file data.csv (CSV, C-alpha atoms)
chain,number,residue,atom,x,y,z
A,1,MET,CA,0.0,0.0,0.0
A,2,ASN,CA,1.3,3.5,-0.8
A,3,LEU,CA,-1.3,6.2,-0.4
A,4,PRO,CA,-1.0,9.9,0.5
A,5,ALA,CA,-2.0,10.5,4.1
A,6,THR,CA,-1.9,13.2,6.7
A,7,LEU,CA,-1.5,12.7,10.5
A,8,THR,CA,-3.3,15.5,12.4
A,9,ALA,CA,-3.2,16.1,16.1
A,10,ASP,CA,-6.6,15.4,17.6
A,11,SER,CA,-6.6,19.0,18.9
A,12,GLY,CA,-5.9,20.3,15.4
A,13,ALA,CA,-2.6,21.9,16.6
A,14,TRP,CA,-0.4,20.4,13.9
A,15,GLN,CA,-0.4,18.3,10.7
A,16,ARG,CA,2.2,16.0,9.3
A,17,PRO,CA,2.0,14.8,5.6
A,18,GLY,CA,3.1,11.2,5.0
A,19,ARG,CA,2.4,8.0,3.2
A,20,LEU,CA,0.2,5.1,4.3
A,21,VAL,CA,2.3,2.0,4.1
A,22,ASP,CA,0.0,-0.6,5.8
A,23,LEU,CA,-3.5,-0.6,7.1
A,24,GLY,CA,-5.3,-3.4,9.0
A,25,LEU,CA,-7.7,-4.1,11.8
A,26,GLY,CA,-4.9,-3.8,14.3
A,27,GLY,CA,-3.7,-0.4,13.2
A,28,ALA,CA,-1.8,1.5,10.5
A,29,CYS,CA,1.8,2.1,9.5
A,30,VAL,CA,2.4,5.7,8.3
A,31,ALA,CA,5.8,6.9,7.0
A,32,LEU,CA,6.4,10.5,8.2
A,33,SER,CA,9.3,12.9,8.0
A,34,GLU,CA,8.9,13.9,11.7
A,35,ALA,CA,8.4,11.7,14.7
A,36,VAL,CA,5.2,11.7,16.7
A,37,ALA,CA,5.4,10.7,20.4
A,38,PRO,CA,3.6,7.5,21.4
A,39,GLY,CA,0.4,8.2,23.3
A,40,THR,CA,-0.4,11.2,21.1
A,41,PRO,CA,-4.2,11.3,20.1
A,42,ILE,CA,-4.3,11.7,16.3
A,43,VAL,CA,-6.6,11.6,13.3
A,44,LEU,CA,-5.3,9.7,10.3
A,45,VAL,CA,-6.6,11.3,7.0
A,46,ILE,CA,-6.2,9.0,4.0
A,47,ASP,CA,-6.7,10.2,0.4
A,48,ALA,CA,-7.9,7.1,-1.2
A,49,PRO,CA,-8.3,7.4,-5.0
A,50,HIS,CA,-11.8,5.9,-5.2
A,51,LEU,CA,-13.5,7.8,-2.3
A,52,TRP,CA,-15.3,11.1,-2.7
A,53,GLU,CA,-14.0,12.4,0.6
A,54,PRO,CA,-10.8,11.5,2.5
A,55,LEU,CA,-11.2,8.8,5.0
A,56,GLU,CA,-10.7,10.1,8.6
A,57,ILE,CA,-9.7,7.6,11.3
A,58,PRO,CA,-9.2,8.7,14.9
A,59,GLY,CA,-6.6,6.9,16.9
A,60,VAL,CA,-3.6,7.1,19.2
A,61,VAL,CA,0.1,6.7,18.2
A,62,ALA,CA,1.2,3.3,19.5
A,63,TRP,CA,4.9,3.5,18.6
A,64,ASP,CA,7.5,5.4,16.6
A,65,ARG,CA,10.5,4.0,14.8
A,66,ALA,CA,12.9,6.3,13.2
A,67,GLU,CA,14.4,5.0,10.0
A,68,PRO,CA,18.1,4.1,10.4
A,69,SER,CA,20.4,6.5,8.7
A,70,ALA,CA,22.1,5.3,5.5
A,71,SER,CA,25.7,4.3,6.1
A,72,HIS,CA,28.3,5.4,3.6
A,73,SER,CA,31.1,3.0,2.7

call {"tool": "encode", "arguments": {"input": "data.csv", "output": "structure tokens"}}
result
Amino acid sequence: MNLPATLTADSGAWQRPGRLVDLGLGGACVALSEAVAPGTPIVLVIDAPHLWEPLEIPGVVAWDRAEPSASHS
């Protein structure tokens, strides 16, 4: 899966554009350029190509994993 998505603070204080990588009954994996702390209430907004309106899913960040930096040889 590779869809445009936006993570928005539940309070509306900030937004982070990203890409939806995986979505299932247990949660979602969203690739972002900035970290979001676990426990943060959010709304995941997914821009699916076949929907009239973006899909908005409320939730809470369960974990954050920064991508390892590329090593140069």

call {"tool": "residues_around", "arguments": {"input": "data.csv", "residues": "Pro41 (chain A)", "least_positions_apart": "5", "cutoff": "12 Å", "atoms": "all atoms listed in the file", "output": "list of chain:residue names"}}
result
A:Leu7, A:Thr8, A:Ala9, A:Asp10, A:Ser11, A:Gly12, A:Ala13, A:Trp14, A:Val36, A:Ile57, A:Pro58, A:Gly59, A:Val60, A:Val61, A:Ala62

call {"tool": "atom_distance", "arguments": {"input": "data.csv", "atom1": "CA of Met1 (chain A)", "atom2": "CA of Gln15 (chain A)"}}
result
21.2 Å

call {"tool": "closest_residue", "arguments": {"input": "data.csv", "among": "A:Leu25, A:Trp52, A:Asp64, A:Leu20", "to": "Ala37 (chain A)", "atoms": "all atoms listed in the file"}}
result
A:Asp64

call {"tool": "atom_distance", "arguments": {"input": "data.csv", "atom1": "CA of Ile42 (chain A)", "atom2": "CA of Leu3 (chain A)"}}
result
17.8 Å

call {"tool": "atom_distance", "arguments": {"input": "data.csv", "atom1": "CA of Gly24 (chain A)", "atom2": "CA of Glu56 (chain A)"}}
result
14.5 Å

call {"tool": "closest_residue", "arguments": {"input": "data.csv", "among": "A:Pro38, A:Trp63, A:Glu53, A:Val45", "to": "Arg19 (chain A)", "atoms": "all atoms listed in the file"}}
result
A:Val45

call {"tool": "closest_residue", "arguments": {"input": "data.csv", "among": "A:Pro54, A:Arg65, A:Arg16, A:Ile46", "to": "Pro4 (chain A)", "atoms": "all atoms listed in the file"}}
result
A:Ile46

call {"tool": "closest_residue", "arguments": {"input": "data.csv", "among": "A:Glu34, A:Val21, A:His50, A:Gly27", "to": "Ala5 (chain A)", "atoms": "all atoms listed in the file"}}
result
A:Val21

call {"tool": "decode", "arguments": {"input": "data.csv", "residues": "region 29-41 of chain A", "atoms": "all heavy atoms", "output": "PDB file, in the first residue's frame"}}
result
ATOM      1  N   CYS A  29       0.405   1.707   9.536  1.00  0.00           N
ATOM      2  CA  CYS A  29       1.795   2.140   9.499  1.00  0.00           C
ATOM      3  C   CYS A  29       1.862   3.325   8.549  1.00  0.00           C
ATOM      4  O   CYS A  29       1.465   3.209   7.381  1.00  0.00           O
ATOM      5  CB  CYS A  29       2.698   1.008   9.016  1.00  0.00           C
ATOM      6  SG  CYS A  29       4.433   1.502   8.851  1.00  0.00           S
ATOM      7  N   VAL A  30       2.325   4.461   9.057  1.00  0.00           N
ATOM      8  CA  VAL A  30       2.402   5.678   8.262  1.00  0.00           C
ATOM      9  C   VAL A  30       3.842   6.172   8.277  1.00  0.00           C
ATOM     10  O   VAL A  30       4.434   6.338   9.349  1.00  0.00           O
ATOM     11  CB  VAL A  30       1.465   6.776   8.832  1.00  0.00           C
ATOM     12  CG1 VAL A  30       1.534   8.030   7.979  1.00  0.00           C
ATOM     13  CG2 VAL A  30       0.040   6.263   8.923  1.00  0.00           C
ATOM     14  N   ALA A  31       4.407   6.382   7.113  1.00  0.00           N
ATOM     15  CA  ALA A  31       5.770   6.920   7.000  1.00  0.00           C
ATOM     16  C   ALA A  31       5.684   8.440   7.037  1.00  0.00           C
ATOM     17  O   ALA A  31       4.994   9.050   6.228  1.00  0.00           O
ATOM     18  CB  ALA A  31       6.417   6.453   5.706  1.00  0.00           C
ATOM     19  N   LEU A  32       6.381   9.051   8.009  1.00  0.00           N
ATOM     20  CA  LEU A  32       6.385  10.500   8.195  1.00  0.00           C
ATOM     21  C   LEU A  32       7.821  11.016   8.210  1.00  0.00           C
ATOM     22  O   LEU A  32       8.750  10.276   8.523  1.00  0.00           O
ATOM     23  CB  LEU A  32       5.729  10.867   9.536  1.00  0.00           C
ATOM     24  CG  LEU A  32       4.296  10.424   9.755  1.00  0.00           C
ATOM     25  CD1 LEU A  32       3.909  10.632  11.209  1.00  0.00           C
ATOM     26  CD2 LEU A  32       3.359  11.189   8.843  1.00  0.00           C
ATOM     27  N   SER A  33       7.989  12.300   7.936  1.00  0.00           N
ATOM     28  CA  SER A  33       9.325  12.892   7.997  1.00  0.00           C
ATOM     29  C   SER A  33       9.688  13.351   9.412  1.00  0.00           C
ATOM     30  O   SER A  33      10.850  13.569   9.704  1.00  0.00           O
ATOM     31  CB  SER A  33       9.434  14.071   7.028  1.00  0.00           C
ATOM     32  OG  SER A  33       8.503  15.076   7.381  1.00  0.00           O
ATOM     33  N   GLU A  34       8.683  13.506  10.287  1.00  0.00           N
ATOM     34  CA  GLU A  34       8.912  13.916  11.674  1.00  0.00           C
ATOM     35  C   GLU A  34       8.275  12.910  12.629  1.00  0.00           C
ATOM     36  O   GLU A  34       7.219  12.371  12.351  1.00  0.00           O
ATOM     37  CB  GLU A  34       8.278  15.287  11.948  1.00  0.00           C
ATOM     38  CG  GLU A  34       8.940  16.440  11.235  1.00  0.00           C
ATOM     39  CD  GLU A  34       8.286  17.747  11.645  1.00  0.00           C
ATOM     40  OE1 GLU A  34       8.256  18.042  12.858  1.00  0.00           O
ATOM     41  OE2 GLU A  34       7.780  18.432  10.754  1.00  0.00           O
ATOM     42  N   ALA A  35       8.930  12.693  13.742  1.00  0.00           N
ATOM     43  CA  ALA A  35       8.424  11.750  14.743  1.00  0.00           C
ATOM     44  C   ALA A  35       7.188  12.314  15.454  1.00  0.00           C
ATOM     45  O   ALA A  35       7.030  13.524  15.584  1.00  0.00           O
ATOM     46  CB  ALA A  35       9.508  11.451  15.766  1.00  0.00           C
ATOM     47  N   VAL A  36       6.340  11.405  15.895  1.00  0.00           N
ATOM     48  CA  VAL A  36       5.180  11.744  16.728  1.00  0.00           C
ATOM     49  C   VAL A  36       5.255  10.839  17.951  1.00  0.00           C
ATOM     50  O   VAL A  36       5.393   9.624  17.833  1.00  0.00           O
ATOM     51  CB  VAL A  36       3.852  11.530  15.975  1.00  0.00           C
ATOM     52  CG1 VAL A  36       2.676  11.831  16.873  1.00  0.00           C
ATOM     53  CG2 VAL A  36       3.806  12.393  14.716  1.00  0.00           C
ATOM     54  N   ALA A  37       5.182  11.420  19.121  1.00  0.00           N
ATOM     55  CA  ALA A  37       5.365  10.674  20.371  1.00  0.00           C
ATOM     56  C   ALA A  37       4.253   9.647  20.596  1.00  0.00           C
ATOM     57  O   ALA A  37       3.077   9.940  20.361  1.00  0.00           O
ATOM     58  CB  ALA A  37       5.400  11.632  21.555  1.00  0.00           C
ATOM     59  N   PRO A  38       4.627   8.445  21.040  1.00  0.00           N
ATOM     60  CA  PRO A  38       3.618   7.453  21.409  1.00  0.00           C
ATOM     61  C   PRO A  38       2.664   8.021  22.466  1.00  0.00           C
ATOM     62  O   PRO A  38       3.070   8.791  23.330  1.00  0.00           O
ATOM     63  CB  PRO A  38       4.448   6.304  21.980  1.00  0.00           C
ATOM     64  CG  PRO A  38       5.764   6.428  21.290  1.00  0.00           C
ATOM     65  CD  PRO A  38       5.987   7.917  21.161  1.00  0.00           C
ATOM     66  N   GLY A  39       1.389   7.662  22.346  1.00  0.00           N
ATOM     67  CA  GLY A  39       0.374   8.165  23.258  1.00  0.00           C
ATOM     68  C   GLY A  39      -0.331   9.405  22.743  1.00  0.00           C
ATOM     69  O   GLY A  39      -1.321   9.850  23.326  1.00  0.00           O
ATOM     70  N   THR A  40       0.157   9.982  21.634  1.00  0.00           N
ATOM     71  CA  THR A  40      -0.449  11.195  21.078  1.00  0.00           C
ATOM     72  C   THR A  40      -1.766  10.858  20.380  1.00  0.00           C
ATOM     73  O   THR A  40      -1.794  10.021  19.472  1.00  0.00           O
ATOM     74  CB  THR A  40       0.499  11.859  20.061  1.00  0.00           C
ATOM     75  OG1 THR A  40       1.741  12.140  20.688  1.00  0.00           O
ATOM     76  CG2 THR A  40      -0.100  13.135  19.501  1.00  0.00           C
ATOM     77  N   PRO A  41      -2.885  11.495  20.786  1.00  0.00           N
ATOM     78  CA  PRO A  41      -4.155  11.293  20.077  1.00  0.00           C
ATOM     79  C   PRO A  41      -4.075  11.958  18.697  1.00  0.00           C
ATOM     80  O   PRO A  41      -3.648  13.113  18.584  1.00  0.00           O
ATOM     81  CB  PRO A  41      -5.194  11.992  20.949  1.00  0.00           C
ATOM     82  CG  PRO A  41      -4.518  12.284  22.244  1.00  0.00           C
ATOM     83  CD  PRO A  41      -3.054  12.338  21.965  1.00  0.00           C
TER      84      PRO A  41
END
